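Here is run-v2.cif, consisting of mmCIF, C-alpha atoms:
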data_protein
#
loop_
_atom_site.label_atom_id
_atom_site.label_comp_id
_atom_site.auth_asym_id
_atom_site.auth_seq_id
_atom_site.Cartn_x
_atom_site.Cartn_y
_atom_site.Cartn_z
CA MET A 6 -15.10 18.91 58.54
CA LEU A 7 -14.21 16.36 61.18
CA SER A 8 -14.56 17.62 64.72
CA PRO A 9 -11.32 17.49 66.74
CA LYS A 10 -13.35 15.91 69.54
CA SER A 11 -13.60 12.70 67.54
CA PHE A 12 -9.86 12.35 67.94
CA LEU A 13 -9.87 12.56 71.74
CA LEU A 14 -10.35 8.84 72.31
CA PRO A 15 -6.69 8.12 73.14
CA ALA A 16 -6.56 11.03 75.59
CA PHE A 17 -9.69 9.71 77.32
CA ILE A 18 -8.09 6.30 77.67
CA LEU A 19 -4.97 7.86 79.21
CA LEU A 20 -7.13 9.50 81.88
CA LEU A 21 -8.91 6.21 82.48
CA GLY A 22 -5.55 4.45 82.81
CA THR A 23 -4.51 6.93 85.48
CA ALA A 24 -7.71 6.32 87.44
CA ILE A 25 -7.35 2.55 87.22
CA SER A 26 -3.72 2.58 88.27
CA GLN A 27 -4.63 4.67 91.30
CA THR A 28 -7.04 2.05 92.48
CA LYS A 29 -5.30 -1.00 91.88
CA ASN A 30 33.82 2.53 88.17
CA THR A 31 32.95 6.10 88.50
CA PRO A 32 34.14 9.36 90.04
CA SER A 33 33.01 9.85 93.61
CA GLY A 34 30.61 12.59 94.69
CA THR A 35 32.07 16.00 95.34
CA THR A 36 30.39 16.64 98.68
CA SER A 37 31.40 15.46 102.14
CA SER A 38 30.13 15.72 105.69
CA GLY A 39 31.84 15.99 109.03
CA THR A 40 31.09 13.41 111.74
CA GLY A 41 32.99 13.59 115.00
CA GLY A 42 35.78 15.55 113.36
CA LYS A 43 36.06 13.04 110.49
CA THR A 44 35.26 13.76 106.85
CA VAL A 45 33.04 11.14 105.23
CA ALA A 46 32.92 11.10 101.41
CA GLN A 47 29.48 10.92 99.88
CA PRO A 48 28.77 7.94 97.57
CA PRO A 49 28.74 8.56 93.82
CA LEU A 50 25.51 9.94 92.44
CA LYS A 51 23.15 7.55 90.71
CA ALA A 52 19.58 8.67 90.00
CA LYS A 53 16.91 6.85 88.01
CA ILE A 54 15.05 8.93 85.44
CA LYS A 55 11.30 8.29 85.35
CA ALA A 56 10.02 10.92 82.90
CA VAL A 57 11.37 13.89 80.92
CA TYR A 58 9.42 17.05 80.05
CA PRO A 59 10.94 19.84 77.91
CA GLU A 60 10.08 23.31 79.23
CA LYS A 61 10.11 26.88 77.90
CA ASP A 62 10.90 28.62 81.19
CA PRO A 63 13.79 31.11 80.80
CA LEU A 64 15.50 29.65 83.88
CA PHE A 65 15.37 25.98 82.88
CA ASN A 66 14.55 23.91 79.81
CA PHE A 67 13.80 20.46 81.24
CA GLN A 68 11.78 19.07 84.11
CA VAL A 69 12.72 15.50 85.00
CA ASP A 70 11.07 13.12 87.45
CA ILE A 71 13.73 11.09 89.27
CA GLU A 72 14.46 8.74 92.15
CA VAL A 73 17.91 9.00 93.73
CA GLU A 74 19.47 5.57 94.24
CA SER A 75 22.75 6.75 95.79
CA GLY A 76 24.45 10.05 96.59
CA THR A 77 22.67 13.38 96.77
CA ILE A 78 21.49 16.14 94.41
CA LYS A 79 21.13 19.78 95.38
CA ALA A 80 20.42 23.06 93.63
CA GLY A 81 23.46 24.35 91.73
CA ASP A 82 24.95 20.88 91.15
CA LYS A 83 26.42 19.91 87.81
CA ILE A 84 25.16 16.48 86.71
CA ASP A 85 25.32 14.33 83.58
CA ALA A 86 22.56 12.32 81.93
CA VAL A 87 24.31 9.30 80.43
CA SER A 88 23.19 6.20 78.52
CA ALA A 89 24.79 2.79 78.27
CA ASP A 90 25.64 3.36 74.60
CA GLY A 91 27.66 6.48 75.37
CA LYS A 92 25.33 9.42 74.83
CA ARG A 93 25.86 12.14 77.42
CA TYR A 94 24.34 15.54 78.22
CA SER A 95 25.48 17.90 80.99
CA PHE A 96 23.06 19.95 83.09
CA THR A 97 22.91 22.38 85.98
CA VAL A 98 20.28 21.74 88.66
CA VAL A 99 18.23 24.95 88.95
CA ARG A 100 15.57 23.78 91.37
CA LEU A 101 14.26 20.68 93.16
CA ARG A 102 10.70 20.00 94.21
CA ASN A 103 8.76 17.18 95.81
CA PRO A 104 5.02 16.95 95.07
CA PHE A 105 4.28 19.68 97.61
CA GLU A 106 7.16 22.15 97.95
CA ASP A 107 10.65 23.18 96.90
CA VAL A 108 13.47 21.28 98.61
CA LYS A 109 17.18 22.02 98.94
CA SER A 110 18.49 18.52 98.25
CA ALA A 111 17.42 14.96 97.54
CA ASP A 112 18.75 11.49 98.38
CA LYS A 113 17.49 7.91 98.31
CA GLU A 114 15.06 8.64 101.14
CA SER A 115 13.34 11.42 99.22
CA GLY A 116 11.16 9.34 96.89
CA THR A 117 10.15 10.92 93.59
CA ILE A 118 11.71 14.35 93.08
CA TYR A 119 11.19 16.83 90.25
CA LEU A 120 14.36 18.44 88.90
CA MET A 121 14.36 21.66 86.91
CA LEU A 122 17.46 21.60 84.73
CA LYS A 123 19.32 23.98 82.44
CA GLY A 124 21.27 22.34 79.65
CA PRO A 125 21.59 21.85 75.89
CA THR A 126 18.33 22.61 74.09
CA ASP A 127 18.88 19.74 71.66
CA ALA A 128 19.28 17.11 74.41
CA VAL A 129 17.24 13.97 73.70
CA PHE A 130 17.14 11.62 76.67
CA ASN A 131 14.67 9.37 78.45
CA ALA A 132 14.28 6.75 81.19
CA ASN A 133 17.11 4.67 79.75
CA PHE A 134 19.55 7.36 80.84
CA SER A 135 20.75 7.87 84.42
CA PHE A 136 21.96 10.95 86.24
CA VAL A 137 25.53 10.64 87.52
CA ASN A 138 28.39 12.87 88.62
CA PRO A 139 30.09 14.77 85.77
CA GLY A 140 32.15 12.38 83.64
CA ALA A 141 30.93 9.21 85.39
CA ALA A 142 29.91 6.11 83.46
CA ALA A 143 26.39 4.76 83.14
CA PRO A 144 25.34 2.33 85.91
CA ALA A 145 25.82 -1.34 85.10
CA SER A 146 22.04 -1.86 85.26
CA LYS A 147 21.72 0.04 81.97
CA ALA A 148 24.19 -2.17 80.14
CA ASN A 149 21.60 -3.90 77.92
CA THR A 150 19.64 -0.79 76.93
CA LYS A 151 19.95 1.65 74.07
CA SER A 152 19.34 5.36 74.32
CA THR A 153 16.37 5.05 71.95
CA ASP A 154 14.65 2.27 73.92
CA GLY A 155 11.22 3.38 75.07
CA MET A 156 11.16 6.33 72.65
CA PHE A 157 9.47 7.09 69.35
CA THR A 158 11.62 8.51 66.58
CA ALA A 159 10.56 9.56 63.09
CA VAL A 160 11.02 12.03 60.27
CA ILE A 161 7.89 14.20 60.19
CA ASP A 162 7.46 16.63 57.31
CA GLY A 163 11.17 16.27 56.53
CA ALA A 164 12.44 16.99 60.07
CA ALA A 165 13.64 14.58 62.75
CA TRP A 166 11.20 14.19 65.65
CA SER A 167 11.37 12.16 68.84
CA GLY A 168 9.01 11.62 71.73
CA ASN A 169 9.09 10.13 75.22
CA GLY A 170 6.39 8.43 77.19
CA PHE A 171 5.37 9.48 80.70
CA SER A 172 3.27 8.14 83.56
CA ASN A 173 0.38 6.04 82.17
CA ALA A 174 1.31 6.94 78.60
CA HIS A 175 1.31 3.35 77.33
CA LEU A 176 -1.70 1.16 78.14
CA PHE A 177 -3.18 -2.08 76.80
CA TYR A 178 -6.77 -2.92 77.69
CA LYS A 179 -6.99 -6.52 76.55
CA GLY A 180 -10.52 -6.80 77.88
CA GLY A 181 -11.64 -3.52 76.38
CA VAL A 182 -13.19 -0.42 77.90
CA LYS A 183 -16.98 -0.42 78.02
CA GLN A 184 -17.49 3.29 77.39
CA ILE A 185 -15.37 3.55 74.25
CA ASN A 186 -14.65 1.79 71.01
CA LYS A 187 -17.69 -0.45 71.57
CA GLY A 188 -15.75 -2.27 74.28
CA LYS A 189 -13.14 -3.60 71.88
CA PRO A 190 -9.60 -4.41 73.15
CA SER A 191 -7.45 -1.30 72.84
CA LEU A 192 -3.71 -0.57 72.81
CA VAL A 193 -2.64 3.04 73.39
CA LEU A 194 0.87 4.43 72.93
CA THR A 195 1.55 8.12 73.63
CA PHE A 196 4.74 10.09 73.02
CA LYS A 197 5.42 13.76 73.86
CA SER A 198 8.09 15.77 72.07
CA THR A 199 11.53 15.65 73.66
CA GLN A 200 12.66 19.02 72.33
CA SER A 201 11.40 22.48 73.30
CA PRO A 202 9.75 24.59 71.98
CA ASP A 203 8.04 21.77 70.02
CA ASN A 204 5.14 20.73 72.27
CA ARG A 205 3.48 18.19 70.01
CA GLN A 206 2.17 14.87 71.27
CA LEU A 207 1.55 11.73 69.21
CA ASN A 208 -1.31 9.43 70.26
CA ILE A 209 -1.41 5.98 68.67
CA PHE A 210 -4.51 3.84 69.12
CA VAL A 211 -4.74 0.22 67.94
CA THR A 212 -7.80 -2.01 68.09
CA THR A 213 -6.45 -5.50 68.81
CA PRO A 214 -6.91 -8.25 71.42
CA ASP A 215 -3.35 -9.53 71.45
CA ALA A 216 -0.93 -7.03 69.83
CA LYS A 217 0.74 -9.84 67.95
CA PRO A 218 3.32 -8.90 65.32
CA GLY A 219 1.77 -7.85 62.04
CA VAL A 220 0.62 -4.88 59.98
CA TYR A 221 -2.35 -2.76 61.16
CA THR A 222 -4.14 -0.32 58.83
CA GLY A 223 -7.46 1.37 58.16
CA GLU A 224 -10.09 0.98 60.87
CA ASN A 225 -7.70 -0.88 63.17
CA ILE A 226 -5.56 2.20 63.87
CA GLU A 227 -6.16 5.80 64.87
CA MET A 228 -3.46 8.47 65.26
CA LEU A 229 -3.36 12.09 66.32
CA LEU A 230 -0.39 14.46 66.27
CA SER A 231 -1.45 17.57 68.20
CA GLY A 232 0.28 20.76 69.33
CA SER A 233 2.68 23.21 67.74
CA PRO A 234 6.16 22.59 66.29
CA ILE A 235 7.14 26.09 67.46
CA GLY A 236 5.37 25.95 70.82
CA ASP A 237 2.64 28.42 69.84
CA GLU A 238 -0.19 27.50 72.20
CA GLN A 239 -2.52 29.98 70.46
CA SER A 240 -2.20 28.20 67.11
CA PRO A 241 -2.28 24.44 67.66
CA GLU A 242 -2.27 22.04 64.75
CA LEU A 243 -3.96 18.66 64.45
CA TYR A 244 -2.96 15.96 62.01
CA GLY A 245 -4.38 12.49 62.17
CA HIS A 246 -5.95 9.37 60.80
CA LYS A 247 -9.45 8.14 61.69
CA TYR A 248 -11.53 5.60 59.82
CA PRO A 249 -13.52 6.27 57.71
CA THR A 250 -13.77 10.08 57.77
CA SER A 251 -10.15 11.27 57.85
CA LEU A 252 -7.78 8.74 56.41
CA GLY A 253 -4.08 9.40 56.10
CA SER A 254 -2.80 8.01 52.81
CA ASN A 255 -1.04 4.65 53.04
CA LEU A 256 -0.73 4.96 56.82
CA LYS A 257 0.26 1.73 58.47
CA LEU A 258 1.58 0.51 61.79
CA GLU A 259 3.63 -2.66 62.03
CA ILE A 260 4.15 -4.36 65.38
CA THR A 261 7.51 -6.09 65.05
CA ALA A 262 7.81 -7.54 68.57
CA TYR A 263 5.52 -8.06 71.57
CA LYS A 264 6.34 -9.88 74.80
CA GLU A 265 4.35 -10.00 78.04
CA ASN A 266 6.31 -9.71 81.27
CA ALA A 267 5.69 -11.21 84.70
CA ASP A 268 4.98 -7.86 86.36
CA GLY A 269 1.77 -7.04 84.48
CA THR A 270 3.50 -5.17 81.66
CA ALA A 271 4.46 -5.95 78.08
CA THR A 272 7.36 -4.85 75.91
CA ILE A 273 6.47 -3.76 72.38
CA SER A 274 8.35 -2.53 69.31
CA GLY A 275 7.10 -1.39 65.94
CA LYS A 276 7.21 0.85 62.86
CA ILE A 277 4.95 3.53 61.37
CA SER A 278 4.86 5.12 57.93
CA GLY A 279 2.41 7.06 55.80
CA GLY A 280 0.58 10.36 55.80
CA LEU A 281 -1.42 12.14 58.52
CA LYS A 282 -4.35 14.23 57.28
CA GLY A 283 -4.50 17.90 58.26
CA ILE A 284 -7.50 18.62 60.52
CA LEU A 285 -6.88 21.91 62.29
CA GLY A 286 -4.42 24.76 61.80
CA ALA A 287 -2.52 26.04 58.79
CA PRO A 288 -1.50 24.76 56.44
CA LYS A 289 -4.15 22.03 56.18
CA LYS A 290 -2.09 19.55 54.23
CA GLU A 291 -1.12 15.94 54.53
CA LEU A 292 1.84 15.54 56.85
CA PRO A 293 4.27 12.80 55.78
CA LEU A 294 5.61 10.56 58.55
CA VAL A 295 8.45 8.22 57.58
CA SER A 296 10.98 6.09 59.44
CA GLY A 297 8.69 5.98 62.49
CA LEU A 298 10.17 3.61 65.04
CA PHE A 299 9.42 2.67 68.63
CA GLU A 300 11.56 0.11 70.43
CA ASN A 301 11.17 -1.76 73.72
CA VAL A 302 8.32 0.40 74.96
CA ILE A 303 6.92 -0.81 78.29
CA VAL A 304 3.11 -1.01 78.34
CA LYS A 305 0.81 -1.54 81.34
CA VAL A 306 -1.50 -4.47 80.58
CA TYR A 307 -5.04 -4.74 81.95
CA THR A 308 -6.82 -8.03 81.30
CA GLU A 309 -10.16 -7.11 82.93
CA LYS A 310 -12.99 -5.42 81.04
CA TYR A 311 -13.63 -1.85 82.18
#
Once more with this new file: its structure as C-alpha cells, please.
Amino acid sequence: MLSPKSFLLPAFILLLGTAISQTKNTPSGTTSSGTGGKTVAQPPLKAKIKAVYPEKDPLFNFQVDIEVESGTIKAGDKIDAVSADGKRYSFTVVRLRNPFEDVKSADKESGTIYLMLKGPTDAVFNANFSFVNPGAAAPASKANTKSTDGMFTAVIDGAAWSGNGFSNAHLFYKGGVKQINKGKPSLVLTFKSTQSPDNRQLNIFVTTPDAKPGVYTGENIEMLLSGSPIGDEQSPELYGHKYPTSLGSNLKLEITAYKENADGTATISGKISGGLKGILGAPKKELPLVSGLFENVIVKVYTEKY
C-alpha cells in the first residue's frame, strides 16, 4: 500500500513557495456622510477579490479576501459578486476582519480585508469577479475576462467540480528545488473546492523545464485529490497518480497555452482526463476525472535553483 506521505510533494512545494515569496455606469453607494451641514454621496463600491474560501460556519458560508478600490463595505451590507460575462451572486456581509481583529467597515485605505459572507450555497466565483453595489455592472477592468478564468473545472465521478487557487497556490520552479524531485524543474497548480461542504483540494505536479504546450503523462505528472466530498474531516479520501507505484489509468495532462509575463508570472491553460487511483478512504476505487479544464491561471515563476 502506498503511503499517503509520498503524495505530499506538492504541499511541500506550496509551503516553500510561501517562504520564498516572503523573502523576496453603475448605481451609486447607499451611504452618505455629513460635512459642514452638507451631505456627500459615497462613491460606488468596487472591491477586488483576491481569494475565495467556502466555509461551513452556520453564520456564513464564504470567506473572501478583498481589497476595496472605491466606496466602503460594512457589516450588514448587501453586495453582489459580478463577472464580466454576466454571472452574479448576492451576499450579505456578516463580519469583516483585518489580519489582527474585527473591524466595522473597510475602504481603500484598509488594505487586505477578510469578509465573512452569507449567500447562495451553490455560488461559484473567483478573482475574476468583483464586489459591487447590488445590481451594479462589473468594472470595466474585467471586460476581457471570463468567470472561469483562473479556475479548474471538471466532472469527477460523474459530478461537476470546480476549484479556485489561493495565495501561492500556483508556482513554477524553472530552476528546480534542491530538496525534492532530485532538483528537477517543477510546476505546481493547486485548486481548492469552491462549494461547501466539499473540502477537497486538487494538487497537480508537473516535471518540466519550460511548460511548453504538449501532453504530459506517466512519470512527468503527479496528482492528488484529497479531502471529503461531504466535508467529513474524520473520513478523508485520497485519490491520485504517482509513478510508478500508483498509476491512474490513461491519466494525462495537456498544456494548451503558456505565456510568460513581464511581472515574473506566467499564464497557463490546459486539460486533464483519466482516472485517479484510490489510496485512502472508502470506497477504494478508481475515480474518473473527465472534462478537466484550467484557463488563464496565473503562476509565479522562479528562475533560480532552490
>> List as JSON, numbers by chain the protein and nucleic acid residues near A:Lys276, meaning an atom at most 10 Å away when all atoms listed in the file are counted, but skip any in the same chain fewer than 3 places from it.
In response: {"A": [157, 158, 159, 220, 257, 258, 259, 260, 261, 295, 296, 297, 298, 299, 300]}
>> Restricting the calculation to only C-alpha atoms: of A:Ile284, A:Leu120, A:Ala145, A:Ala80, which residue gets closest to A:Thr250?
In response: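 Of A:Ile284, A:Leu120, A:Ala145, A:Ala80, the one nearest A:Thr250, counting only C-alpha atoms, is A:Ile284.
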> Interatomic distance between atom CA of A:Thr199 and atom CA of A:Asp107?
Replying inline: 24.4 Å
> Hey, what comes out of the PyMOL selection byres ((chain A and resi 231-241) around 6) on this file? Could you write it as a list in words?
Replying inline: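 Given this file, the PyMOL selection byres ((chain A and resi 231-241) around 6) evaluates to Pro202, Asp203, Asn204, Arg205, Gln206, Leu230, Glu242 and Leu243 of chain A.
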>> Under the PyMOL selection byres ((chain A and resi 279) around 12), which residues of this model are included? Write them out as a ChimeraX atom specification.
In response: /A:159-162,222-223,228,245-246,252-259,276-278,280-282,291-297
>> For the provided coordinates, the residues matched by the PyMOL selection byres ((chain A and resi 172-177) around 6) should be stated as a VMD selection string.
In response: chain A and resid 23 170 to 171 178 to 179 191 to 195 304 to 306
Give me, as a compact mmCIF listing (two decimals) with C-alpha atoms, in the coordinates of the input, all polymer residues having an atom no more than 10 Å from A:Ala52, counting only C-alpha atoms and skipping those fewer than 5 positions away in the same chain.
# COMPACT_ATOMS: atom_id res chain seq x y z
CA ASP A 70 11.07 13.12 87.45
CA ILE A 71 13.73 11.09 89.27
CA GLU A 72 14.46 8.74 92.15
CA VAL A 73 17.91 9.00 93.73
CA GLU A 74 19.47 5.57 94.24
CA SER A 75 22.75 6.75 95.79
CA GLY A 76 24.45 10.05 96.59
CA THR A 77 22.67 13.38 96.77
CA ILE A 78 21.49 16.14 94.41
CA ALA A 86 22.56 12.32 81.93
CA ASP A 112 18.75 11.49 98.38
CA LYS A 113 17.49 7.91 98.31
CA PHE A 134 19.55 7.36 80.84
CA SER A 135 20.75 7.87 84.42
CA PHE A 136 21.96 10.95 86.24
CA VAL A 137 25.53 10.64 87.52
CA ASN A 138 28.39 12.87 88.62
CA PRO A 144 25.34 2.33 85.91
>> To one decimal place in Å, what is the distance between atom CA of A:Asn131 and atom CA of A:Ala56?
In response: 6.6 Å
> Smallest atom-to-atom distance to A:Gly140: which of A:Asp85, A:Asp90, A:Glu114, A:Asp268, using all atoms listed in the file?
Replying inline: A:Asp85
> Of the candidates A:Asn208, A:Asn225, A:Ser201, A:Ser167, which one gets nearest to A:Asp154 if we count only C-alpha atoms?
Replying inline: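 Of A:Asn208, A:Asn225, A:Ser201, A:Ser167, the one nearest A:Asp154, counting only C-alpha atoms, is A:Ser167.
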> When you draw a straight line from atom CA of A:Asn149 to atom CA of A:Val69, how long is it in Å?
Replying inline: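 So the two atoms, atom CA of A:Asn149 and atom CA of A:Val69, lie 22.5 Å apart.
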As JSON, please: the centre and edge lengths in Å, to one decimal, of an axis-aligned box enclosing every listed atom of stretch 119-133 of chain A with 4 Å added on each side.
{"center_x": 16.4, "center_y": 14.3, "center_z": 81.0, "size_x": 18.4, "size_y": 27.3, "size_z": 26.6}
